[in-house]
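*Asks:* Got a structure here, written out as structure tokens. Questions coming.
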Amino acid sequence: MANLKAPLPRALRPKPKGPSEDNGTTKTGPKEKLAEKGISAVDWVDERTSLSGGARWLMFRKIPKGTNWFYTLGSASLFAFLSQAVTGVVLAMYYDPSATRAYESMRYLTNEVFLGEFVRGMHKWGSTVMVILVFLHMGRTFFYGAYKYPRELNWVIGVVLLILTLFFSFTGYLLPFDQRSFWATTVGVAINGTGPLVGPYLNDFLRAGPEFGVTTLARFYALHMLVLPAMIATMIGAHLYLVARLGTTAPPWVKAEIPADSRKDDA
Amino acid sequence: MARQRKEPKKKLTTEEAGIPGAFEGETVSRRRFMTGTAHAAGGIAAAAFTLPAVGLAVAPVFDKREPRWESVGPIADFPDDTYIPRTLTLVRGIGDVGKSTVYLRKFNPQLDSEERDEYNEYIAISTRCMHLGCPVRFVVASEKFICPCHGGVYDFEGKVDGGPPVRPLDRFYTRVRNGNVEVGPRFSVNSELKRFSPRDPGMPIDGIGQYLYPARPSVRKIPGT
């Protein structure tokens, strides 16, 4: 096994051999040889990166008593994002972000391409699922009081992630470029513009000019698939780092267990 | 309790600070100078690609557009007691998306209270609702403009009659050339139909609104109108 400094969790430790087993000669079939090769490859990487320690730090954490299914909403949000990322990359292979060809490229994808409608549907409905999961995750954090010290910063990062998710929804809504997309974006940009002083300039930045123009769609596309993914990936990384660093909280109804000897000290 | 004021720290030379190998009177050590130089070089290198990229992204805000005049038909087409719809190309090269409907009629001295000049012989009303930008349509029976999205209603002159819109419908400059009506650039109007540089929907321009929602620097109404 890899050269690991911290002790392995019990489940992963090799079982001690019983006295009746043959300790001198181990099996050397092709299966064992293959496993040996795999282990030595992992060893080779680990010797040069020490990644296994970090991986164990991230994966095998202590979790408090009372942890329940509501604690999976964060992972669910993460997997919703991963699903959006994977389906989005594939959709980008078929999409043409020009005002005259965008609708046609989506029509072709939906009606002609094998699984096109299915993957487009995953991306479309997945976006709604992601927003719902993010809100549920936020609700769990709020009602369990998990935003309190020392996790305030992670709450702030979570709010940034929520805003980024909604930016994804806003920029992605235009891309099918049908009537609904166009008018929803017209209305959305107008709402954005009602912010005093900066609103008019933000509008021109979003639309790339005073009217919905030649490069507006390309701009939304670039924001949706380049700028926002880079930002959300960075923020998810920071969010996960803090979760691993600070640990999770017990539900508020779980009482702290005071060891018997410390209770004696108090008295 | 009065706090004792701290004496300002005298800047030590590197010699006084006990840094070996210092020149006389030197206040910045060579190590600090090198660190500063490396940081500055990195900053300049990062700015060299960041600033042009950001500039390109925000460039459209300052994009200057020449006013364009588009002929919409002979003057005989447009009566003064009802509106005739015409299609205007606001942005070229993007097909239907760049087109917009505009409602036209002749100036009517009995109805129109505004001052008459060379640009309003014909009144051209934009169909962009001033609530959030949905397309309004003119309903002949009621002589009102009605928005399908959130129930905005405008009267015959385009002034707000009801619903959420914050100002009257935008208009376009018009002029007559060779017996044809030509439609020019857009402008916005306040509740007294005074002309303002074009603003986006949702931005009131009565009172303080015109300062809270500044017009873009590059797209202005025709000076002196």
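By convention here, the chains of the structure tokens are called A, B, ... in the order presented, each chain's residues are numbered starting at 1, and ligands are numbered starting at 1 in the order presented.
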Could you give me, as a ChimeraX atom specification, the residues within 8 Å of segment 166-173 of chain B, counting only C-alpha atoms and dropping anything in the same chain fewer than 3 positions from it?
*Replies:* /B:119-120,123-131,154,158-160,183-191,193,198,202-206
*Asks:* Save the residues we just selected, N, CA and C atoms, as a short mmCIF file (atom, residue, chain, number, x, y, z; two decimals), in the first residue's frame?
*Replies:*
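The resulting file, selection_35.cif, is reproduced below:
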data_model
loop_
_atom_site.label_atom_id
_atom_site.label_comp_id
_atom_site.auth_asym_id
_atom_site.auth_seq_id
_atom_site.Cartn_x
_atom_site.Cartn_y
_atom_site.Cartn_z
N TYR B 119 -39.15 67.73 -36.61
CA TYR B 119 -39.03 66.30 -36.33
C TYR B 119 -40.33 65.65 -35.91
N ASN B 120 -41.42 66.41 -35.80
CA ASN B 120 -42.67 65.73 -35.43
C ASN B 120 -43.85 66.05 -36.34
N ILE B 123 -45.86 61.57 -36.04
CA ILE B 123 -45.55 61.03 -34.71
C ILE B 123 -45.26 59.54 -34.86
N ALA B 124 -44.10 59.12 -34.39
CA ALA B 124 -43.73 57.70 -34.43
C ALA B 124 -43.58 57.18 -33.00
N ILE B 125 -44.47 56.27 -32.61
CA ILE B 125 -44.49 55.74 -31.25
C ILE B 125 -43.83 54.37 -31.24
N SER B 126 -42.86 54.19 -30.33
CA SER B 126 -42.19 52.90 -30.17
C SER B 126 -43.13 51.92 -29.47
N THR B 127 -43.01 50.63 -29.81
CA THR B 127 -43.87 49.63 -29.17
C THR B 127 -43.22 49.03 -27.93
N ARG B 128 -42.09 49.58 -27.52
CA ARG B 128 -41.41 49.03 -26.35
C ARG B 128 -42.10 49.56 -25.09
N CYS B 129 -42.71 48.66 -24.32
CA CYS B 129 -43.41 49.08 -23.11
C CYS B 129 -42.41 49.66 -22.12
N MET B 130 -42.80 50.74 -21.46
CA MET B 130 -41.88 51.42 -20.56
C MET B 130 -41.93 50.86 -19.14
N HIS B 131 -42.62 49.72 -18.99
CA HIS B 131 -42.49 49.00 -17.72
C HIS B 131 -41.22 48.16 -17.79
N TYR B 154 -51.61 52.78 -22.27
CA TYR B 154 -51.19 54.14 -22.66
C TYR B 154 -52.31 54.74 -23.52
N GLY B 158 -49.68 58.15 -26.16
CA GLY B 158 -48.63 57.32 -25.60
C GLY B 158 -48.36 57.62 -24.14
N LYS B 159 -49.17 58.51 -23.54
CA LYS B 159 -48.99 58.79 -22.11
C LYS B 159 -49.58 57.66 -21.27
N VAL B 160 -49.02 57.45 -20.06
CA VAL B 160 -49.45 56.34 -19.22
C VAL B 160 -50.89 56.56 -18.76
N VAL B 183 -38.09 57.53 -40.59
CA VAL B 183 -38.02 57.38 -39.13
C VAL B 183 -36.54 57.33 -38.74
N GLY B 184 -36.19 58.14 -37.76
CA GLY B 184 -34.78 58.25 -37.34
C GLY B 184 -34.51 57.65 -35.98
N PRO B 185 -33.64 58.27 -35.20
CA PRO B 185 -33.26 57.70 -33.91
C PRO B 185 -34.36 57.81 -32.85
N ARG B 186 -34.24 56.99 -31.84
CA ARG B 186 -35.19 56.94 -30.73
C ARG B 186 -34.93 58.07 -29.75
N PHE B 187 -35.99 58.56 -29.12
CA PHE B 187 -35.81 59.40 -27.92
C PHE B 187 -36.89 59.05 -26.92
N SER B 188 -36.64 59.42 -25.65
CA SER B 188 -37.61 59.17 -24.59
C SER B 188 -38.32 60.46 -24.24
N VAL B 189 -39.49 60.34 -23.65
CA VAL B 189 -40.25 61.53 -23.26
C VAL B 189 -40.67 61.41 -21.80
N ASN B 190 -40.79 62.57 -21.13
CA ASN B 190 -41.32 62.55 -19.77
C ASN B 190 -42.84 62.73 -19.83
N SER B 191 -43.47 62.88 -18.67
CA SER B 191 -44.93 62.88 -18.66
C SER B 191 -45.51 64.11 -19.37
N LEU B 193 -44.25 65.04 -22.28
CA LEU B 193 -43.80 64.76 -23.65
C LEU B 193 -42.60 65.62 -24.05
N PRO B 198 -32.45 58.82 -25.15
CA PRO B 198 -33.16 57.56 -24.92
C PRO B 198 -32.70 56.84 -23.64
N GLY B 202 -38.37 50.99 -17.73
CA GLY B 202 -38.28 50.89 -16.27
C GLY B 202 -37.58 52.06 -15.62
N MET B 203 -37.12 53.02 -16.42
CA MET B 203 -36.39 54.15 -15.85
C MET B 203 -37.24 55.42 -15.97
N PRO B 204 -37.77 55.91 -14.83
CA PRO B 204 -38.54 57.14 -14.88
C PRO B 204 -37.62 58.33 -15.18
N ILE B 205 -38.10 59.32 -15.93
CA ILE B 205 -37.24 60.48 -16.18
C ILE B 205 -37.89 61.78 -15.72
N ASP B 206 -39.00 61.69 -14.99
CA ASP B 206 -39.54 62.89 -14.37
C ASP B 206 -38.73 63.19 -13.11
#
*Asks:* Quick one: which residues from chain A are at most 12 Å off chain B, using only C-alpha atoms, as number ranges by chain?
*Replies:* A: 97-103, 177-220, 222-223, 227
*Asks:* Keeping only C-alpha atoms, write the selected residues to a file as a short mmCIF file (atom, residue, chain, number, x, y, z; two decimals), in the first residue's frame.
*Replies:*
data_model
loop_
_atom_site.label_atom_id
_atom_site.label_comp_id
_atom_site.auth_asym_id
_atom_site.auth_seq_id
_atom_site.Cartn_x
_atom_site.Cartn_y
_atom_site.Cartn_z
CA PRO A 97 -24.47 31.23 -30.55
CA SER A 98 -25.49 33.51 -33.41
CA ALA A 99 -28.80 35.36 -33.48
CA THR A 100 -29.75 33.93 -36.86
CA ARG A 101 -28.68 30.31 -36.27
CA ALA A 102 -29.12 29.63 -32.54
CA TYR A 103 -32.76 28.56 -32.76
CA PHE A 177 -33.47 31.71 -28.45
CA ASP A 178 -37.17 31.16 -28.90
CA GLN A 179 -39.86 33.79 -28.21
CA ARG A 180 -39.95 32.96 -24.52
CA SER A 181 -36.15 33.30 -24.19
CA PHE A 182 -36.03 36.57 -26.05
CA TRP A 183 -38.82 38.34 -24.19
CA ALA A 184 -37.81 36.93 -20.80
CA THR A 185 -34.32 38.30 -21.32
CA THR A 186 -35.70 41.64 -22.52
CA VAL A 187 -37.70 41.88 -19.30
CA GLY A 188 -34.81 40.57 -17.15
CA VAL A 189 -32.36 43.11 -18.55
CA ALA A 190 -34.93 45.89 -18.00
CA ILE A 191 -35.33 44.82 -14.36
CA ASN A 192 -31.54 44.90 -14.01
CA GLY A 193 -31.56 48.43 -15.41
CA THR A 194 -33.86 49.79 -12.71
CA GLY A 195 -30.90 49.92 -10.32
CA PRO A 196 -30.17 53.62 -10.02
CA LEU A 197 -26.97 55.16 -11.46
CA VAL A 198 -25.27 51.89 -12.46
CA GLY A 199 -28.34 50.19 -13.99
CA PRO A 200 -28.13 51.83 -17.43
CA TYR A 201 -24.43 50.94 -17.78
CA LEU A 202 -24.94 47.35 -16.60
CA ASN A 203 -27.68 47.02 -19.22
CA ASP A 204 -25.36 48.18 -21.99
CA PHE A 205 -22.69 45.80 -20.75
CA LEU A 206 -25.13 42.85 -20.73
CA ARG A 207 -26.63 43.62 -24.14
CA ALA A 208 -23.35 44.82 -25.68
CA GLY A 209 -25.05 48.07 -26.68
CA PRO A 210 -28.25 50.06 -26.38
CA GLU A 211 -30.34 47.44 -28.22
CA PHE A 212 -30.41 43.66 -28.30
CA GLY A 213 -27.68 43.35 -30.93
CA VAL A 214 -25.39 41.17 -33.01
CA THR A 215 -23.16 40.08 -30.12
CA THR A 216 -25.68 39.93 -27.26
CA LEU A 217 -26.26 36.21 -27.60
CA ALA A 218 -22.52 35.47 -27.86
CA ARG A 219 -21.99 37.53 -24.73
CA PHE A 220 -24.60 35.60 -22.75
CA ALA A 222 -19.58 33.32 -23.01
CA LEU A 223 -20.79 34.33 -19.55
CA VAL A 227 -17.00 33.07 -16.90
#
*Asks:* Smallest atom-to-atom distance to Pro176 of chain A: which of A:Ser52, A:Ser75, A:Thr141, A:Ser105, using only C-alpha atoms?
*Replies:*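 Using only C-alpha atoms, the shortest distance to Pro176 of chain A belongs to A:Ser105.
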*Asks:* Rank nothing, just name the residue among B:Asp161, B:Thr174, B:Val136, B:Ser113 nearest to Ser100 of chain B, using only C-alpha atoms.
*Replies:*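 For Ser100 of chain B, the nearest of the given residues is B:Val136.
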*Asks:* What is the atom CA of Ile208 of chain B to atom CA of Val102 of chain B distance in Å?
*Replies:*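 For atom CA of Ile208 of chain B relative to atom CA of Val102 of chain B, the distance reads 28.7 Å.
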*Asks:* For Thr165 of chain A, list every protein, DNA or RNA residue within 9 Å, evaluated using only C-alpha atoms, and leave out those in the same chain fewer than 4 positions away; present the list as number ranges by chain.
*Replies:* A: 127, 130-131, 134, 160-161, 169-170, 228, 232
*Asks:* Keeping only C-alpha atoms, take the residues you just selected and write them out as a tab-separated table (two decimals), in the first residue's frame.
*Replies:*
chain	number	residue	atom	x	y	z
A	127	SER	CA	-31.14	23.72	-13.87
A	130	MET	CA	-30.21	22.68	-8.96
A	131	VAL	CA	-31.87	25.94	-7.89
A	134	VAL	CA	-29.44	24.95	-3.41
A	160	VAL	CA	-22.21	33.79	-3.50
A	161	LEU	CA	-22.82	30.29	-4.91
A	169	SER	CA	-30.23	30.51	-14.85
A	170	PHE	CA	-30.53	34.04	-16.21
A	228	LEU	CA	-19.62	31.63	-14.55
A	232	ILE	CA	-18.59	28.70	-9.44
*Asks:* Using only C-alpha atoms, which protein or nucleic acid residues come within 7 Å of segment 151-159 of chain A? Drop anything in the same chain fewer than 5 positions from it, and give the result as a list in words.
*Replies:* Met235, His239 and Leu242 of chain A
*Asks:* So which residues of segment 110-211 of chain B fall under strand (DSSP E or B) by DSSP, listed as a ChimeraX atom specification?
*Replies:* /B:122-126,128,135,137-139,144-146,153-154,160-162,171-177,180-189,195-196
*Asks:* Any chance you could export the current selection's C-alpha atoms as an mmCIF file, in the first residue's frame?
*Replies:*
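Output saved as part_10.cif:
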data_model
loop_
_atom_site.group_PDB
_atom_site.id
_atom_site.type_symbol
_atom_site.label_atom_id
_atom_site.label_comp_id
_atom_site.auth_asym_id
_atom_site.auth_seq_id
_atom_site.Cartn_x
_atom_site.Cartn_y
_atom_site.Cartn_z
ATOM 1 C CA TYR B 122 -45.360 62.666 -38.122
ATOM 2 C CA ILE B 123 -45.553 61.031 -34.707
ATOM 3 C CA ALA B 124 -43.731 57.698 -34.433
ATOM 4 C CA ILE B 125 -44.485 55.745 -31.251
ATOM 5 C CA SER B 126 -42.190 52.899 -30.166
ATOM 6 C CA ARG B 128 -41.408 49.033 -26.348
ATOM 7 C CA PRO B 135 -44.173 44.810 -27.070
ATOM 8 C CA ARG B 137 -49.997 47.012 -29.476
ATOM 9 C CA PHE B 138 -52.427 49.726 -30.489
ATOM 10 C CA VAL B 139 -56.063 48.735 -29.999
ATOM 11 C CA LYS B 144 -55.097 52.862 -26.439
ATOM 12 C CA PHE B 145 -51.750 51.076 -26.421
ATOM 13 C CA ILE B 146 -51.909 47.909 -24.335
ATOM 14 C CA VAL B 153 -52.088 50.954 -20.733
ATOM 15 C CA TYR B 154 -51.193 54.137 -22.656
ATOM 16 C CA VAL B 160 -49.455 56.339 -19.220
ATOM 17 C CA ASP B 161 -53.137 55.625 -18.611
ATOM 18 C CA GLY B 162 -52.744 52.793 -16.119
ATOM 19 C CA ARG B 171 -40.822 57.959 -29.774
ATOM 20 C CA PHE B 172 -38.680 58.228 -32.873
ATOM 21 C CA TYR B 173 -37.652 61.349 -34.741
ATOM 22 C CA THR B 174 -39.386 61.611 -38.108
ATOM 23 C CA ARG B 175 -38.779 63.776 -41.158
ATOM 24 C CA VAL B 176 -40.186 64.061 -44.668
ATOM 25 C CA ARG B 177 -37.876 63.483 -47.622
ATOM 26 C CA ASN B 180 -41.689 59.867 -47.912
ATOM 27 C CA VAL B 181 -41.815 59.693 -44.146
ATOM 28 C CA GLU B 182 -38.476 58.703 -42.681
ATOM 29 C CA VAL B 183 -38.016 57.384 -39.131
ATOM 30 C CA GLY B 184 -34.784 58.250 -37.343
ATOM 31 C CA PRO B 185 -33.262 57.705 -33.909
ATOM 32 C CA ARG B 186 -35.194 56.943 -30.735
ATOM 33 C CA PHE B 187 -35.809 59.401 -27.924
ATOM 34 C CA SER B 188 -37.610 59.165 -24.593
ATOM 35 C CA VAL B 189 -40.248 61.534 -23.256
ATOM 36 C CA ARG B 195 -37.768 65.045 -25.264
ATOM 37 C CA PHE B 196 -34.917 63.285 -23.462
#
*Asks:* When DSSP works through the backbone of this structure, what residues of segment 106-182 of chain A end up as helix (DSSP H, G or I), shown as a VMD selection string?
*Replies:* chain A and resid 106 to 111 116 to 143 152 to 174 179 to 182
*Asks:* Please report the interatomic distance between atom CA of Trp125 of chain A and atom CA of Tyr147 of chain A in Å with one decimal.
*Replies:*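 Between atom CA of Trp125 of chain A and atom CA of Tyr147 of chain A the gap works out to 29.2 Å.
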*Asks:* Name all residues at most 12 Å from Arg140 of chain A (count only C-alpha atoms; drop same-chain ones fewer than 5 positions away) and give them as a PyMOL selection string.
*Replies:* chain A and resi 67-74+133-135+145-147+155+249-252
*Asks:* Distance atom CA of Ile63 of chain A-atom CA of Ala244 of chain A, one decimal place?
*Replies:*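 Calculated distance between atom CA of Ile63 of chain A and atom CA of Ala244 of chain A is 10.3 Å.
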